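Listing of my_file19.pdb, PDB, C-alpha atoms
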ATOM      1  CA  MET D 191      10.024 -41.343 -27.932
ATOM      2  CA  ILE D 192      13.675 -40.766 -28.900
ATOM      3  CA  GLU D 193      14.015 -37.235 -30.257
ATOM      4  CA  SER D 194      17.588 -36.161 -30.705
ATOM      5  CA  ALA D 195      20.187 -37.572 -33.020
ATOM      6  CA  GLU D 196      22.117 -39.608 -30.470
ATOM      7  CA  SER D 197      24.333 -42.461 -31.628
ATOM      8  CA  ASP D 198      22.571 -45.742 -32.395
ATOM      9  CA  ALA D 199      24.086 -47.369 -29.318
ATOM     10  CA  VAL D 200      23.020 -44.556 -26.973
ATOM     11  CA  THR D 201      19.557 -44.494 -28.522
ATOM     12  CA  ALA D 202      19.229 -48.242 -27.983
ATOM     13  CA  PHE D 203      20.451 -47.892 -24.387
ATOM     14  CA  ILE D 204      17.951 -45.133 -23.650
ATOM     15  CA  ARG D 205      15.137 -47.146 -25.203
ATOM     16  CA  MET D 206      16.115 -50.253 -23.228
ATOM     17  CA  ARG D 207      16.213 -48.367 -19.917
ATOM     18  CA  GLN D 208      13.103 -46.237 -20.332
ATOM     19  CA  PRO D 209      10.714 -48.780 -18.725
ATOM     20  CA  GLU D 210      12.875 -49.031 -15.593
ATOM     21  CA  VAL D 211      13.353 -45.268 -15.362
ATOM     22  CA  LEU D 212       9.604 -44.738 -15.688
ATOM     23  CA  ALA D 213       8.742 -47.427 -13.164
ATOM     24  CA  GLU D 214      11.150 -45.906 -10.642
ATOM     25  CA  ALA D 215       9.844 -42.388 -11.306
ATOM     26  CA  ILE D 216       6.261 -43.557 -10.750
ATOM     27  CA  ARG D 217       7.245 -45.367  -7.578
ATOM     28  CA  GLN D 218       9.075 -42.331  -6.159
ATOM     29  CA  LEU D 219       6.539 -39.713  -7.167
ATOM     30  CA  SER D 220       3.473 -41.651  -6.064
ATOM     31  CA  SER D 221       4.880 -42.795  -2.722
ATOM     32  CA  CYS D 222       6.716 -39.698  -1.479
ATOM     33  CA  THR D 223       5.352 -37.416   1.225
ATOM     34  CA  ARG D 224       4.209 -33.876   0.516
ATOM     35  CA  GLU D 225       7.276 -32.680   2.429
ATOM     36  CA  ASP D 226       9.647 -34.669   0.206
ATOM     37  CA  LEU D 227       7.831 -33.793  -3.008
ATOM     38  CA  PRO D 228      10.052 -30.841  -4.119
ATOM     39  CA  ALA D 229      13.257 -32.898  -3.834
ATOM     40  CA  VAL D 230      11.677 -35.955  -5.487
ATOM     41  CA  ALA D 231      10.190 -33.906  -8.341
ATOM     42  CA  HIS D 232      13.587 -32.270  -8.840
ATOM     43  CA  ALA D 233      15.399 -35.619  -9.108
ATOM     44  CA  VAL D 234      12.740 -37.366 -11.166
ATOM     45  CA  ALA D 235      12.536 -34.483 -13.675
ATOM     46  CA  GLY D 236      16.239 -34.754 -14.476
ATOM     47  CA  ASN D 237      16.079 -38.518 -14.914
ATOM     48  CA  VAL D 238      12.927 -38.638 -17.009
ATOM     49  CA  GLY D 239      14.059 -35.760 -19.221
ATOM     50  CA  SER D 240      17.523 -37.184 -19.796
ATOM     51  CA  TYR D 241      15.916 -40.455 -20.889
ATOM     52  CA  GLN D 242      13.964 -38.391 -23.403
ATOM     53  CA  LEU D 243      10.489 -38.987 -21.995
ATOM     54  CA  VAL D 244       9.473 -35.576 -23.198
ATOM     55  CA  GLU D 245       5.809 -35.315 -22.249
ATOM     56  CA  ALA D 246       6.251 -36.772 -18.788
ATOM     57  CA  HIS D 247       9.156 -34.419 -18.242
ATOM     58  CA  HIS D 248       6.953 -31.508 -19.272
ATOM     59  CA  GLU D 249       4.338 -32.393 -16.623
ATOM     60  CA  ILE D 250       6.943 -32.844 -13.895
ATOM     61  CA  SER D 251       8.475 -29.488 -14.803
ATOM     62  CA  GLY D 252       4.978 -28.031 -14.444
ATOM     63  CA  LEU D 253       4.741 -29.583 -10.992
ATOM     64  CA  ARG D 254       8.092 -28.049 -10.013
ATOM     65  CA  GLU D 255       6.853 -24.637 -11.120
ATOM     66  CA  VAL D 256       3.678 -25.017  -9.060
ATOM     67  CA  LEU D 257       5.756 -26.078  -6.048
ATOM     68  CA  ALA D 258       8.078 -23.103  -6.448
ATOM     69  CA  ASP D 259       5.241 -20.602  -6.805
ATOM     70  CA  PRO D 260       4.351 -19.074  -3.412
ATOM     71  CA  GLU D 261       0.889 -18.280  -4.775
ATOM     72  CA  SER D 262       0.092 -21.975  -5.348
ATOM     73  CA  SER D 263      -2.526 -23.509  -3.082
ATOM     74  CA  GLU D 264      -2.335 -27.064  -1.750
ATOM     75  CA  SER D 265      -5.079 -28.062  -4.181
ATOM     76  CA  ASP D 266      -2.960 -26.668  -7.082
ATOM     77  CA  VAL D 267      -0.088 -28.823  -5.863
ATOM     78  CA  GLU D 268      -2.303 -31.905  -5.512
ATOM     79  CA  ALA D 269      -3.724 -31.437  -9.031
ATOM     80  CA  SER D 270      -0.312 -30.918 -10.626
ATOM     81  CA  TRP D 271       1.155 -33.860  -8.666
ATOM     82  CA  SER D 272      -1.634 -36.085  -9.902
ATOM     83  CA  ARG D 273      -1.143 -34.915 -13.522
ATOM     84  CA  ALA D 274       2.574 -35.673 -13.299
ATOM     85  CA  VAL D 275       1.960 -39.227 -12.065
ATOM     86  CA  SER D 276      -0.676 -39.737 -14.784
ATOM     87  CA  ALA D 277       1.743 -38.482 -17.452
ATOM     88  CA  LEU D 278       4.346 -40.984 -16.255
ATOM     89  CA  ARG D 279       1.776 -43.809 -16.351
ATOM     90  CA  MET D 280       0.676 -42.742 -19.815
ATOM     91  CA  ALA D 281       4.279 -42.751 -21.020
ATOM     92  CA  GLN D 282       4.672 -46.222 -19.507
ATOM     93  CA  SER D 283       1.622 -47.549 -21.316
ATOM     94  CA  GLY D 284       2.853 -46.001 -24.577
ATOM     95  CA  LEU D 285       6.191 -47.803 -24.526
ATOM     96  CA  PRO D 286       6.563 -50.680 -26.989
ATOM     97  CA  HIS D 287       6.234 -54.103 -25.335
ATOM     98  CA  GLU D 288       9.084 -56.526 -25.954
TER      99      GLU D 288
ATOM    100  CA  MET M   5      45.385 -45.900 -21.943
ATOM    101  CA  SER M   6      42.072 -44.104 -22.318
ATOM    102  CA  GLU M   7      41.263 -40.922 -20.436
ATOM    103  CA  THR M   8      39.335 -41.308 -17.203
ATOM    104  CA  ILE M   9      36.185 -39.395 -16.322
ATOM    105  CA  LEU M  10      34.771 -39.318 -12.812
ATOM    106  CA  VAL M  11      30.971 -39.006 -12.653
ATOM    107  CA  ILE M  12      29.638 -37.818  -9.269
ATOM    108  CA  ASP M  13      25.832 -37.939  -9.138
ATOM    109  CA  ASP M  14      23.449 -39.403  -6.567
ATOM    110  CA  GLN M  15      20.984 -40.514  -9.247
ATOM    111  CA  ALA M  16      21.800 -44.047 -10.448
ATOM    112  CA  ASP M  17      19.848 -43.584 -13.695
ATOM    113  CA  VAL M  18      21.859 -40.479 -14.568
ATOM    114  CA  ARG M  19      25.161 -42.197 -13.744
ATOM    115  CA  GLN M  20      24.218 -45.159 -15.914
ATOM    116  CA  LEU M  21      23.320 -42.997 -18.897
ATOM    117  CA  LEU M  22      26.471 -40.899 -18.586
ATOM    118  CA  GLY M  23      28.587 -43.998 -17.971
ATOM    119  CA  PHE M  24      27.260 -45.779 -21.025
ATOM    120  CA  THR M  25      27.622 -42.711 -23.254
ATOM    121  CA  LEU M  26      31.186 -41.971 -22.180
ATOM    122  CA  LYS M  27      32.346 -45.606 -22.341
ATOM    123  CA  GLU M  28      30.820 -45.900 -25.804
ATOM    124  CA  ALA M  29      32.995 -42.913 -26.804
ATOM    125  CA  GLY M  30      36.120 -44.658 -25.501
ATOM    126  CA  TYR M  31      36.537 -43.085 -22.076
ATOM    127  CA  ARG M  32      37.176 -44.991 -18.861
ATOM    128  CA  VAL M  33      34.452 -44.082 -16.393
ATOM    129  CA  VAL M  34      34.503 -44.098 -12.594
ATOM    130  CA  GLU M  35      31.255 -43.436 -10.740
ATOM    131  CA  ALA M  36      30.523 -42.049  -7.286
ATOM    132  CA  ASP M  37      27.126 -41.484  -5.688
ATOM    133  CA  SER M  38      28.025 -38.830  -3.096
ATOM    134  CA  GLY M  39      30.415 -35.980  -2.433
ATOM    135  CA  PRO M  40      32.699 -37.837   0.015
ATOM    136  CA  SER M  41      32.867 -40.950  -2.197
ATOM    137  CA  GLY M  42      33.578 -38.665  -5.174
ATOM    138  CA  ILE M  43      36.571 -37.127  -3.408
ATOM    139  CA  GLU M  44      37.796 -40.612  -2.492
ATOM    140  CA  ALA M  45      37.358 -41.711  -6.117
ATOM    141  CA  TYR M  46      39.351 -38.664  -7.227
ATOM    142  CA  HIS M  47      42.289 -39.716  -5.017
ATOM    143  CA  ALA M  48      42.105 -43.339  -6.186
ATOM    144  CA  ASN M  49      41.756 -42.670  -9.919
ATOM    145  CA  GLN M  50      43.237 -39.224 -10.715
ATOM    146  CA  PRO M  51      40.664 -38.612 -13.465
ATOM    147  CA  ASN M  52      41.257 -36.347 -16.471
ATOM    148  CA  LEU M  53      37.846 -34.702 -16.066
ATOM    149  CA  ILE M  54      35.025 -34.659 -13.499
ATOM    150  CA  LEU M  55      31.274 -34.459 -14.120
ATOM    151  CA  LEU M  56      29.765 -33.212 -10.877
ATOM    152  CA  ASP M  57      26.096 -32.902  -9.939
ATOM    153  CA  ILE M  58      25.320 -29.766  -7.951
ATOM    154  CA  GLY M  59      22.284 -31.242  -6.188
ATOM    155  CA  LEU M  60      24.019 -33.945  -4.159
ATOM    156  CA  GLY M  61      22.854 -34.885  -0.670
ATOM    157  CA  SER M  62      24.677 -33.950   2.522
ATOM    158  CA  MET M  63      27.739 -32.433   0.819
ATOM    159  CA  ASP M  64      26.496 -30.516  -2.222
ATOM    160  CA  GLY M  65      28.358 -30.284  -5.524
ATOM    161  CA  LEU M  66      29.607 -26.746  -4.923
ATOM    162  CA  GLU M  67      31.293 -27.810  -1.682
ATOM    163  CA  VAL M  68      32.740 -30.896  -3.415
ATOM    164  CA  CYS M  69      34.095 -28.606  -6.132
ATOM    165  CA  ARG M  70      35.705 -26.293  -3.573
ATOM    166  CA  GLN M  71      37.399 -29.252  -1.921
ATOM    167  CA  LEU M  72      38.546 -30.687  -5.256
ATOM    168  CA  ARG M  73      39.890 -27.294  -6.337
ATOM    169  CA  ALA M  74      42.145 -27.291  -3.296
ATOM    170  CA  LEU M  75      43.668 -30.494  -4.685
ATOM    171  CA  THR M  76      43.646 -30.177  -8.451
ATOM    172  CA  SER M  77      42.996 -28.107 -11.573
ATOM    173  CA  THR M  78      41.335 -31.086 -13.287
ATOM    174  CA  PRO M  79      38.471 -29.737 -15.412
ATOM    175  CA  ILE M  80      35.074 -29.914 -13.719
ATOM    176  CA  ILE M  81      31.728 -29.778 -15.512
ATOM    177  CA  PHE M  82      28.719 -29.128 -13.285
ATOM    178  CA  LEU M  83      25.464 -30.967 -13.878
ATOM    179  CA  THR M  84      22.575 -28.900 -12.669
ATOM    180  CA  SER M  85      18.799 -28.812 -12.753
ATOM    181  CA  ARG M  86      18.880 -25.241 -11.478
ATOM    182  CA  THR M  87      18.611 -23.221 -14.619
ATOM    183  CA  ASP M  88      18.602 -19.680 -13.333
ATOM    184  CA  GLU M  89      21.605 -17.597 -14.094
ATOM    185  CA  VAL M  90      22.576 -16.792 -10.533
ATOM    186  CA  ASP M  91      23.103 -20.435  -9.740
ATOM    187  CA  GLU M  92      25.163 -20.880 -12.882
ATOM    188  CA  LEU M  93      27.415 -18.015 -11.878
ATOM    189  CA  VAL M  94      27.719 -19.334  -8.352
ATOM    190  CA  GLY M  95      28.732 -22.604  -9.970
ATOM    191  CA  PHE M  96      31.561 -20.970 -11.877
ATOM    192  CA  ALA M  97      32.624 -19.049  -8.793
ATOM    193  CA  ALA M  98      33.060 -22.364  -7.006
ATOM    194  CA  GLY M  99      35.695 -23.272  -9.596
ATOM    195  CA  GLY M 100      33.809 -25.245 -12.238
ATOM    196  CA  ASP M 101      34.859 -24.936 -15.873
ATOM    197  CA  ASP M 102      31.524 -25.489 -17.551
ATOM    198  CA  TYR M 103      27.992 -26.572 -16.767
ATOM    199  CA  ILE M 104      25.348 -28.771 -18.355
ATOM    200  CA  THR M 105      21.698 -28.474 -17.443
ATOM    201  CA  LYS M 106      19.504 -31.481 -16.726
ATOM    202  CA  PRO M 107      17.793 -32.935 -18.569
ATOM    203  CA  PHE M 108      20.796 -33.325 -20.805
ATOM    204  CA  SER M 109      21.446 -34.762 -24.230
ATOM    205  CA  PRO M 110      24.206 -37.399 -24.134
ATOM    206  CA  LYS M 111      25.478 -35.955 -27.408
ATOM    207  CA  VAL M 112      25.896 -32.510 -25.819
ATOM    208  CA  VAL M 113      27.663 -34.041 -22.813
ATOM    209  CA  LEU M 114      30.138 -35.743 -25.146
ATOM    210  CA  ALA M 115      30.742 -32.516 -27.068
ATOM    211  CA  ARG M 116      31.429 -30.577 -23.870
ATOM    212  CA  VAL M 117      33.687 -33.299 -22.475
ATOM    213  CA  SER M 118      35.652 -33.549 -25.684
ATOM    214  CA  SER M 119      35.962 -29.756 -25.882
ATOM    215  CA  LEU M 120      37.424 -29.532 -22.376
ATOM    216  CA  MET M 121      39.749 -32.471 -23.073
ATOM    217  CA  ARG M 122      41.022 -30.653 -26.202
ATOM    218  CA  ARG M 123      41.718 -27.556 -24.132
ATOM    219  CA  ASN M 124      43.814 -29.677 -21.802
ATOM    220  CA  GLN M 125      45.738 -31.275 -24.629
ATOM    221  CA  ARG M 126      46.395 -27.896 -26.283
ATOM    222  CA  ALA M 127      47.934 -26.635 -23.064
ATOM    223  CA  ASP M 128      50.233 -29.665 -23.048
ATOM    224  CA  GLU M 129      51.409 -29.195 -26.655
ATOM    225  CA  GLY M 130      54.922 -28.012 -27.568
ATOM    226  CA  GLY M 131      56.038 -24.503 -28.589
ATOM    227  CA  LYS M 132      56.399 -21.448 -26.425
ATOM    228  CA  THR M 133      55.336 -22.313 -22.928
ATOM    229  CA  VAL M 134      56.049 -19.218 -20.848
ATOM    230  CA  PHE M 135      54.373 -15.874 -21.553
ATOM    231  CA  LYS M 136      55.174 -12.618 -19.793
ATOM    232  CA  ALA M 137      53.219  -9.379 -19.711
ATOM    233  CA  GLY M 138      54.115  -6.705 -17.188
ATOM    234  CA  PRO M 139      54.043  -8.296 -13.736
ATOM    235  CA  LEU M 140      52.204 -11.409 -15.023
ATOM    236  CA  THR M 141      53.827 -14.671 -16.060
ATOM    237  CA  LEU M 142      51.866 -17.594 -17.426
ATOM    238  CA  ASP M 143      53.473 -21.024 -17.671
ATOM    239  CA  THR M 144      51.494 -23.533 -19.749
ATOM    240  CA  VAL M 145      53.602 -26.501 -18.642
ATOM    241  CA  ALA M 146      53.383 -25.844 -14.915
ATOM    242  CA  HIS M 147      49.858 -24.540 -15.518
ATOM    243  CA  GLU M 148      50.707 -21.629 -13.305
ATOM    244  CA  VAL M 149      50.185 -17.893 -13.343
ATOM    245  CA  THR M 150      52.257 -15.610 -11.162
ATOM    246  CA  LEU M 151      51.901 -11.922 -10.376
ATOM    247  CA  ASN M 152      55.224 -10.339  -9.425
ATOM    248  CA  GLY M 153      56.413 -13.877  -8.716
ATOM    249  CA  ALA M 154      53.536 -14.803  -6.398
ATOM    250  CA  PRO M 155      51.175 -17.569  -7.549
ATOM    251  CA  LEU M 156      47.742 -16.420  -8.674
ATOM    252  CA  GLU M 157      44.936 -18.936  -8.315
ATOM    253  CA  LEU M 158      42.787 -19.129 -11.440
ATOM    254  CA  THR M 159      40.196 -21.616 -12.649
ATOM    255  CA  ARG M 160      41.028 -23.515 -15.801
ATOM    256  CA  THR M 161      38.681 -21.316 -17.820
ATOM    257  CA  GLU M 162      40.260 -18.124 -16.478
ATOM    258  CA  PHE M 163      43.698 -19.580 -17.182
ATOM    259  CA  ASP M 164      42.726 -20.415 -20.776
ATOM    260  CA  LEU M 165      41.270 -16.950 -21.358
ATOM    261  CA  LEU M 166      44.394 -15.271 -19.989
ATOM    262  CA  PHE M 167      46.536 -17.596 -22.110
ATOM    263  CA  ALA M 168      44.590 -16.597 -25.253
ATOM    264  CA  LEU M 169      45.053 -12.891 -24.457
ATOM    265  CA  MET M 170      48.747 -13.189 -23.492
ATOM    266  CA  GLU M 171      49.484 -15.092 -26.692
ATOM    267  CA  ASN M 172      48.164 -12.110 -28.634
ATOM    268  CA  PRO M 173      49.639  -9.047 -26.908
ATOM    269  CA  GLY M 174      48.549  -5.741 -28.410
ATOM    270  CA  ARG M 175      45.833  -7.417 -30.476
ATOM    271  CA  VAL M 176      42.103  -7.670 -29.990
ATOM    272  CA  VAL M 177      40.886 -11.252 -29.648
ATOM    273  CA  THR M 178      37.298 -11.466 -30.834
ATOM    274  CA  ARG M 179      34.580 -12.885 -28.622
ATOM    275  CA  ASP M 180      34.009 -15.661 -31.186
ATOM    276  CA  ALA M 181      37.699 -16.526 -31.218
ATOM    277  CA  LEU M 182      37.678 -16.759 -27.410
ATOM    278  CA  LEU M 183      34.558 -18.935 -27.454
ATOM    279  CA  GLU M 184      36.095 -21.242 -30.031
ATOM    280  CA  ARG M 185      39.461 -21.304 -28.297
ATOM    281  CA  VAL M 186      38.241 -21.843 -24.732
ATOM    282  CA  TRP M 187      34.914 -23.630 -25.091
ATOM    283  CA  GLY M 188      35.309 -25.270 -28.514
ATOM    284  CA  GLU M 189      32.016 -26.621 -29.736
ATOM    285  CA  TRP M 190      29.854 -24.306 -27.662
ATOM    286  CA  TYR M 191      26.166 -24.793 -27.027
ATOM    287  CA  GLY M 192      25.443 -22.111 -24.447
ATOM    288  CA  ASP M 193      25.194 -18.340 -24.273
ATOM    289  CA  SER M 194      28.094 -16.233 -25.423
ATOM    290  CA  HIS M 195      27.780 -14.033 -22.314
ATOM    291  CA  VAL M 196      29.962 -16.574 -20.507
ATOM    292  CA  VAL M 197      32.986 -14.847 -22.043
ATOM    293  CA  GLU M 198      32.072 -11.581 -20.292
ATOM    294  CA  VAL M 199      31.417 -13.376 -17.024
ATOM    295  CA  HIS M 200      34.733 -15.197 -17.004
ATOM    296  CA  ILE M 201      36.763 -12.228 -18.257
ATOM    297  CA  SER M 202      35.230 -10.129 -15.519
ATOM    298  CA  ARG M 203      36.105 -12.743 -12.888
ATOM    299  CA  LEU M 204      39.658 -12.982 -14.256
ATOM    300  CA  ARG M 205      40.036  -9.178 -14.184
ATOM    301  CA  ASN M 206      38.757  -8.997 -10.611
ATOM    302  CA  LYS M 207      41.106 -11.728  -9.413
ATOM    303  CA  VAL M 208      44.140 -10.048 -10.971
ATOM    304  CA  LYS M 209      43.145  -6.623  -9.620
ATOM    305  CA  LYS M 210      42.405  -7.991  -6.164
ATOM    306  CA  ALA M 211      45.905  -9.460  -6.081
ATOM    307  CA  GLY M 212      47.316  -6.002  -6.868
ATOM    308  CA  GLY M 213      47.769  -6.512 -10.611
ATOM    309  CA  PRO M 214      46.824  -4.434 -13.638
ATOM    310  CA  ALA M 215      43.421  -4.443 -15.420
ATOM    311  CA  VAL M 216      43.540  -7.349 -17.854
ATOM    312  CA  GLY M 217      40.957  -8.261 -20.473
ATOM    313  CA  VAL M 218      40.033  -4.791 -21.666
ATOM    314  CA  ALA M 219      36.763  -4.845 -23.612
ATOM    315  CA  VAL M 220      36.807  -3.454 -27.138
ATOM    316  CA  ARG M 221      33.152  -2.673 -27.676
ATOM    317  CA  GLY M 222      31.446  -4.855 -30.240
ATOM    318  CA  VAL M 223      34.655  -6.728 -31.112
ATOM    319  CA  GLY M 224      36.215  -8.604 -28.222
ATOM    320  CA  TYR M 225      38.976  -8.197 -25.678
ATOM    321  CA  LYS M 226      42.647  -7.326 -25.528
ATOM    322  CA  LEU M 227      45.176  -8.068 -22.844
ATOM    323  CA  GLY M 228      45.500  -4.408 -21.865
ATOM    324  CA  ILE M 229      49.102  -4.524 -20.617
ATOM    325  CA  ASP M 230      52.408  -4.476 -22.482
ATOM    326  CA  ALA M 231      54.112  -7.772 -23.120
TER     327      ALA M 231
END

Just give me the structure as structure tokens.
Amino acid sequence: MIESAESDAVTAFIRMRQPEVLAEAIRQLSSCTREDLPAVAHAVAGNVGSYQLVEAHHEISGLREVLADPESSESDVEASWSRAVSALRMAQSGLPHE
Amino acid sequence: MSETILVIDDQADVRQLLGFTLKEAGYRVVEADSGPSGIEAYHANQPNLILLDIGLGSMDGLEVCRQLRALTSTPIIFLTSRTDEVDELVGFAAGGDDYITKPFSPKVVLARVSSLMRRNQRADEGGKTVFKAGPLTLDTVAHEVTLNGAPLELTRTEFDLLFALMENPGRVVTRDALLERVWGEWYGDSHVVEVHISRLRNKVKKAGGPAVGVAVRGVGYKLGIDA
């Protein structure tokens, strides 16, 4: 979904690139190790958010918060990680097909 | 010839979005995917402005900024996903002129870039170019500040704030006027004025100079020394 009032050309560019950005985010987030997860979540959040994939960005931000919270258990991390990947897949399935 | 912007970010998707947005607005864009290649690209292209990601790999953006600052006063805008205030302040301390948080809106990036470019152009415009106040001298052409004849190293933002105060000796410059003058179309918190004035004051004092940027409660700031 394109939310802000960007120029028509930028909006079209974002829309055109969203499938690739999502596919790459899914690939990175679902294949990274637990050790690499904080750095991957950090990078993916910036990309997905800047391409205006709002809901997926929200879930990845949630994952980053869980990762940063010393009180989080490994099962909290696993659950949040899984939700983030699902949100990315949902965003992917919601994109218009050319 | 159009103005050149160097984008240093290790994320290809971010570089592509910034590159497209800036080219669409008429800028020439050079991209680099690491700190060392960014410094090389600076030497090869002499850009008018640099967009620099803080979270780069082996050489992080703050270190890149420190190295660039030893070479140039070209405006630097940090891109950061670290939103807490401490990191932002550390960013400014490293010599950046502004920061944009990720995720970013391309429209906001353009506004910030154009605002910093305007600040540069204003400094290059005609009219009085040398301002003196007590032991301080500010030269807008050489882009140099001296204290008792010795060069004083300031960031571009600190330079612009001092310039605004030295242009108005004996008068209070409101916080809004400083925001408009230095940051132009501003999207962030107005507390940045306090932060940068405080850094400017500390630098001048540390170099043995007078207290500049005296706060006038609820209004703004005045130079605080006689012209």

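Here atom CA of D:Val211 is placed at a distance of 15.1 Å from atom CA of M:Phe108.
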
* **Pick from M:Leu55, M:Ala45, M:Ala74, M:Ala16, whichever lies nearest to M:Leu114 using only C-alpha atoms** => M:Leu55

* Do me a favour and pick out the residues of chain D within 9 Å of chain M, using all atoms listed in the file, as a list in words. => Ser194, Ala195, Glu196, Ser197, Ala199, Val200, Phe203, Ile204, Arg207, Val211, His232, Ala233, Ala235, Gly236, Asn237, Val238, Gly239, Ser240, Tyr241, Gln242 and His247 of chain D

* To do: Extract, using all atoms listed in the file, all DNA, RNA and protein residues at most 9 Å from M:Asp180, discarding same-chain residues fewer than 6 positions from it, and format them as a VMD selection string.
  => chain M and resid 194 223 to 224

Expand the PyMOL selection byres ((chain M and resi 41) around 12) into the individual residues it matches in the shown file, reporting them as a PDB file with C-alpha atoms, in the coordinates of the input.
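Everything below was put into result.pdb:
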ATOM      1  CA  LEU M  10      34.771 -39.318 -12.812  1.00  0.00           C
ATOM      2  CA  VAL M  11      30.971 -39.006 -12.653  1.00  0.00           C
ATOM      3  CA  ILE M  12      29.638 -37.818  -9.269  1.00  0.00           C
ATOM      4  CA  ASP M  13      25.832 -37.939  -9.138  1.00  0.00           C
ATOM      5  CA  ASP M  14      23.449 -39.403  -6.567  1.00  0.00           C
ATOM      6  CA  VAL M  34      34.503 -44.098 -12.594  1.00  0.00           C
ATOM      7  CA  GLU M  35      31.255 -43.436 -10.740  1.00  0.00           C
ATOM      8  CA  ALA M  36      30.523 -42.049  -7.286  1.00  0.00           C
ATOM      9  CA  ASP M  37      27.126 -41.484  -5.688  1.00  0.00           C
ATOM     10  CA  SER M  38      28.025 -38.830  -3.096  1.00  0.00           C
ATOM     11  CA  GLY M  39      30.415 -35.980  -2.433  1.00  0.00           C
ATOM     12  CA  PRO M  40      32.699 -37.837   0.015  1.00  0.00           C
ATOM     13  CA  GLY M  42      33.578 -38.665  -5.174  1.00  0.00           C
ATOM     14  CA  ILE M  43      36.571 -37.127  -3.408  1.00  0.00           C
ATOM     15  CA  GLU M  44      37.796 -40.612  -2.492  1.00  0.00           C
ATOM     16  CA  ALA M  45      37.358 -41.711  -6.117  1.00  0.00           C
ATOM     17  CA  TYR M  46      39.351 -38.664  -7.227  1.00  0.00           C
ATOM     18  CA  HIS M  47      42.289 -39.716  -5.017  1.00  0.00           C
ATOM     19  CA  ALA M  48      42.105 -43.339  -6.186  1.00  0.00           C
ATOM     20  CA  ASN M  49      41.756 -42.670  -9.919  1.00  0.00           C
ATOM     21  CA  LEU M  60      24.019 -33.945  -4.159  1.00  0.00           C
ATOM     22  CA  GLY M  61      22.854 -34.885  -0.670  1.00  0.00           C
ATOM     23  CA  SER M  62      24.677 -33.950   2.522  1.00  0.00           C
ATOM     24  CA  MET M  63      27.739 -32.433   0.819  1.00  0.00           C
ATOM     25  CA  VAL M  68      32.740 -30.896  -3.415  1.00  0.00           C
TER      26      VAL M  68
END

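For the file at hand, the PyMOL selection byres ((chain D and resi 246) around 7) resolves to D:Leu243, D:Val244, D:Glu245, D:His247, D:His248, D:Glu249, D:Ile250, D:Ala274, D:Ala277, D:Leu278, D:Ala281.
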
* Asked: Got a sec: who's within 7 Å of M:Val186, counting all atoms listed in the file, leaving out chain neighbours fewer than 4 positions off, as a PyMOL selection string?
  -> chain M and resi 123+161+164-165+182

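Note that the spacing between atom CA of M:Arg185 and atom CA of M:Arg160 amounts to 12.8 Å.
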
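Evaluating the PyMOL selection byres ((chain M and resi 136) around 12) against the shown model yields Lys132, Thr133, Val134, Phe135, Ala137, Gly138, Pro139, Leu140, Thr141, Leu142, Asp143, Thr144, Glu148, Val149, Thr150, Leu151, Asn152, Gly153, Leu166, Phe167, Leu169, Met170, Glu171, Asn172, Pro173, Leu227, Ile229, Asp230 and Ala231 of chain M.
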
Just-selected residues, C-alpha atoms written as an mmCIF file, keeping the file's coordinate frame:
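Saved the output as again.cif:
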data_model
loop_
_atom_site.group_PDB
_atom_site.id
_atom_site.type_symbol
_atom_site.label_atom_id
_atom_site.label_comp_id
_atom_site.auth_asym_id
_atom_site.auth_seq_id
_atom_site.Cartn_x
_atom_site.Cartn_y
_atom_site.Cartn_z
ATOM 1 C CA LYS M 132 56.399 -21.448 -26.425
ATOM 2 C CA THR M 133 55.336 -22.313 -22.928
ATOM 3 C CA VAL M 134 56.049 -19.218 -20.848
ATOM 4 C CA PHE M 135 54.373 -15.874 -21.553
ATOM 5 C CA ALA M 137 53.219 -9.379 -19.711
ATOM 6 C CA GLY M 138 54.115 -6.705 -17.188
ATOM 7 C CA PRO M 139 54.043 -8.296 -13.736
ATOM 8 C CA LEU M 140 52.204 -11.409 -15.023
ATOM 9 C CA THR M 141 53.827 -14.671 -16.060
ATOM 10 C CA LEU M 142 51.866 -17.594 -17.426
ATOM 11 C CA ASP M 143 53.473 -21.024 -17.671
ATOM 12 C CA THR M 144 51.494 -23.533 -19.749
ATOM 13 C CA GLU M 148 50.707 -21.629 -13.305
ATOM 14 C CA VAL M 149 50.185 -17.893 -13.343
ATOM 15 C CA THR M 150 52.257 -15.610 -11.162
ATOM 16 C CA LEU M 151 51.901 -11.922 -10.376
ATOM 17 C CA ASN M 152 55.224 -10.339 -9.425
ATOM 18 C CA GLY M 153 56.413 -13.877 -8.716
ATOM 19 C CA LEU M 166 44.394 -15.271 -19.989
ATOM 20 C CA PHE M 167 46.536 -17.596 -22.110
ATOM 21 C CA LEU M 169 45.053 -12.891 -24.457
ATOM 22 C CA MET M 170 48.747 -13.189 -23.492
ATOM 23 C CA GLU M 171 49.484 -15.092 -26.692
ATOM 24 C CA ASN M 172 48.164 -12.110 -28.634
ATOM 25 C CA PRO M 173 49.639 -9.047 -26.908
ATOM 26 C CA LEU M 227 45.176 -8.068 -22.844
ATOM 27 C CA ILE M 229 49.102 -4.524 -20.617
ATOM 28 C CA ASP M 230 52.408 -4.476 -22.482
ATOM 29 C CA ALA M 231 54.112 -7.772 -23.120
#
